[in-house]
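Trainee: First, the structure itself, so that you have it in front of you.
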Amino acid sequence: MSMKKVDVENQGWTYSSYVKAGDFIFTSICSGFGDTIKEASETALNQLNQFLHHAGADLNDLVKVTVTFKRGENFNEMKPVFKEYFPNGYPARNTILVDEFLGETIKLQIEGIAYKPATRTLSRSANTSLTIGDGGNGNESL
């Protein structure tokens, strides 16, 4: 299995923006900023989507997200954003409450794990080929 560690924004942090390990993509935290939890959720999900696009995937490829909040009463404000960003079904989710973040203006953080199988073509003979994988659409083909 191949592994690739990528720092998309080159911020000099001591972690990668995402790590692609085989067909899986593990993202680092995406911090949510804004005046409301709705804005913070959108900011974090947009950054998460940016990381995924860089890795050749998108939000539909997420299998699990972890959302970290400062205050639990804000949880319901995030729900409409998830409904908008995940119209084809939700990833599994873990929600964690913390006392504080490293940055005072951070309202929440989201990280994710995505699965994006690569489509591989194997040569069968000089005139034919065999495609293995589902191309990311969930329909296995040979």
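Letters A, B, ... mark the chains of the structure tokens in the order given; residue numbers begin at 1 per chain; ligand numbers begin at 1, in order shown.
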Please report as a tab-separated table every residue of stretch 35-79 of chain A lying within 12 Å of stretch 12-19 of chain A, along with the nearest atom pair and their distance in Å (one decimal), using only C-alpha atoms.

Mentor:
residue	atom	partner	partner_atom	distance
A:Gln47	CA	A:Ser17	CA	9.9
A:Leu48	CA	A:Ser17	CA	9.2
A:Asn49	CA	A:Tyr18	CA	11.3
A:Gln50	CA	A:Ser17	CA	10.0
A:Phe51	CA	A:Tyr18	CA	6.8
A:Leu52	CA	A:Tyr18	CA	8.1
A:His53	CA	A:Tyr18	CA	11.0
A:His54	CA	A:Tyr18	CA	9.3
A:Ala55	CA	A:Tyr18	CA	8.1
A:Gly56	CA	A:Tyr18	CA	11.7
A:Ala57	CA	A:Tyr18	CA	11.8

Trainee: Can I get the selection written as a PDB file, in the first residue's frame, with N, CA and C atoms?

Mentor:
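Once everything was written out, this is out_16.pdb:
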ATOM      1  N   GLN A  47     -13.172  23.818   3.831  1.00  0.00           N
ATOM      2  CA  GLN A  47     -11.750  23.486   3.905  1.00  0.00           C
ATOM      3  C   GLN A  47     -11.546  21.976   3.781  1.00  0.00           C
ATOM      4  N   LEU A  48     -12.400  21.208   4.430  1.00  0.00           N
ATOM      5  CA  LEU A  48     -12.332  19.745   4.330  1.00  0.00           C
ATOM      6  C   LEU A  48     -12.509  19.316   2.872  1.00  0.00           C
ATOM      7  N   ASN A  49     -13.470  19.920   2.185  1.00  0.00           N
ATOM      8  CA  ASN A  49     -13.700  19.605   0.779  1.00  0.00           C
ATOM      9  C   ASN A  49     -12.500  19.994  -0.083  1.00  0.00           C
ATOM     10  N   GLN A  50     -11.838  21.093   0.267  1.00  0.00           N
ATOM     11  CA  GLN A  50     -10.624  21.509  -0.456  1.00  0.00           C
ATOM     12  C   GLN A  50      -9.535  20.442  -0.326  1.00  0.00           C
ATOM     13  N   PHE A  51      -9.327  19.940   0.876  1.00  0.00           N
ATOM     14  CA  PHE A  51      -8.340  18.879   1.085  1.00  0.00           C
ATOM     15  C   PHE A  51      -8.706  17.639   0.276  1.00  0.00           C
ATOM     16  N   LEU A  52      -9.980  17.258   0.324  1.00  0.00           N
ATOM     17  CA  LEU A  52     -10.427  16.068  -0.394  1.00  0.00           C
ATOM     18  C   LEU A  52     -10.266  16.235  -1.905  1.00  0.00           C
ATOM     19  N   HIS A  53     -10.641  17.405  -2.435  1.00  0.00           N
ATOM     20  CA  HIS A  53     -10.474  17.647  -3.877  1.00  0.00           C
ATOM     21  C   HIS A  53      -9.002  17.541  -4.269  1.00  0.00           C
ATOM     22  N   HIS A  54      -8.128  18.064  -3.432  1.00  0.00           N
ATOM     23  CA  HIS A  54      -6.695  17.983  -3.696  1.00  0.00           C
ATOM     24  C   HIS A  54      -6.248  16.521  -3.788  1.00  0.00           C
ATOM     25  N   ALA A  55      -6.910  15.656  -3.016  1.00  0.00           N
ATOM     26  CA  ALA A  55      -6.575  14.227  -2.996  1.00  0.00           C
ATOM     27  C   ALA A  55      -7.359  13.428  -4.044  1.00  0.00           C
ATOM     28  N   GLY A  56      -8.213  14.112  -4.843  1.00  0.00           N
ATOM     29  CA  GLY A  56      -8.987  13.433  -5.877  1.00  0.00           C
ATOM     30  C   GLY A  56     -10.319  12.889  -5.397  1.00  0.00           C
ATOM     31  N   ALA A  57     -10.852  13.430  -4.315  1.00  0.00           N
ATOM     32  CA  ALA A  57     -12.119  12.965  -3.745  1.00  0.00           C
ATOM     33  C   ALA A  57     -13.011  14.168  -3.460  1.00  0.00           C
TER      34      ALA A  57
END

Trainee: Any chance you could list, as a ChimeraX atom specification, the residues in stretch 7-121 of chain A that come up strand (DSSP E or B) when DSSP is run on the backbone?

Mentor: /A:18-21,24-27,30-32,62-69,92-97,108-115,120-121

Trainee: With distances taken over only C-alpha atoms, which residue among A:Leu97, A:Ala21, A:Ser28, A:Ile37 lies nearest A:Asp7?

Mentor: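 Looking at the shortest contact to A:Asp7, the residue is A:Ser28.
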
Trainee: Atom CA of A:Ile96 to atom CA of A:Asn60: how many Å, to one decimal?

Mentor: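 Atom-to-atom, atom CA of A:Ile96 and atom CA of A:Asn60 are spaced 22.3 Å apart.
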
Trainee: May I have the residues within 10 Å of A:Gly34 as a PDB file with N, CA and C atoms, in the first residue's frame, using only C-alpha atoms and disregarding those fewer than 6 positions away in the same chain?

Mentor:
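Done, and the output landed in around-v6.pdb:
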ATOM      1  N   ALA A  40     -19.362  28.753  10.865  1.00  0.00           N
ATOM      2  CA  ALA A  40     -18.182  27.971  11.251  1.00  0.00           C
ATOM      3  C   ALA A  40     -18.234  26.578  10.632  1.00  0.00           C
ATOM      4  N   SER A  41     -19.415  25.973  10.605  1.00  0.00           N
ATOM      5  CA  SER A  41     -19.570  24.652   9.990  1.00  0.00           C
ATOM      6  C   SER A  41     -19.267  24.719   8.500  1.00  0.00           C
ATOM      7  N   GLU A  42     -19.765  25.745   7.838  1.00  0.00           N
ATOM      8  CA  GLU A  42     -19.520  25.914   6.405  1.00  0.00           C
ATOM      9  C   GLU A  42     -18.041  26.137   6.130  1.00  0.00           C
ATOM     10  N   THR A  43     -17.386  26.959   6.947  1.00  0.00           N
ATOM     11  CA  THR A  43     -15.953  27.216   6.782  1.00  0.00           C
ATOM     12  C   THR A  43     -15.156  25.923   6.907  1.00  0.00           C
ATOM     13  N   THR A 105     -10.831  32.090  18.445  1.00  0.00           N
ATOM     14  CA  THR A 105     -11.955  32.360  17.550  1.00  0.00           C
ATOM     15  C   THR A 105     -12.520  31.107  16.886  1.00  0.00           C
ATOM     16  N   ILE A 106     -11.920  29.949  17.145  1.00  0.00           N
ATOM     17  CA  ILE A 106     -12.403  28.700  16.574  1.00  0.00           C
ATOM     18  C   ILE A 106     -13.673  28.272  17.312  1.00  0.00           C
ATOM     19  N   LYS A 107     -14.737  27.990  16.541  1.00  0.00           N
ATOM     20  CA  LYS A 107     -15.992  27.553  17.138  1.00  0.00           C
ATOM     21  C   LYS A 107     -16.158  26.037  17.107  1.00  0.00           C
TER      22      LYS A 107
END
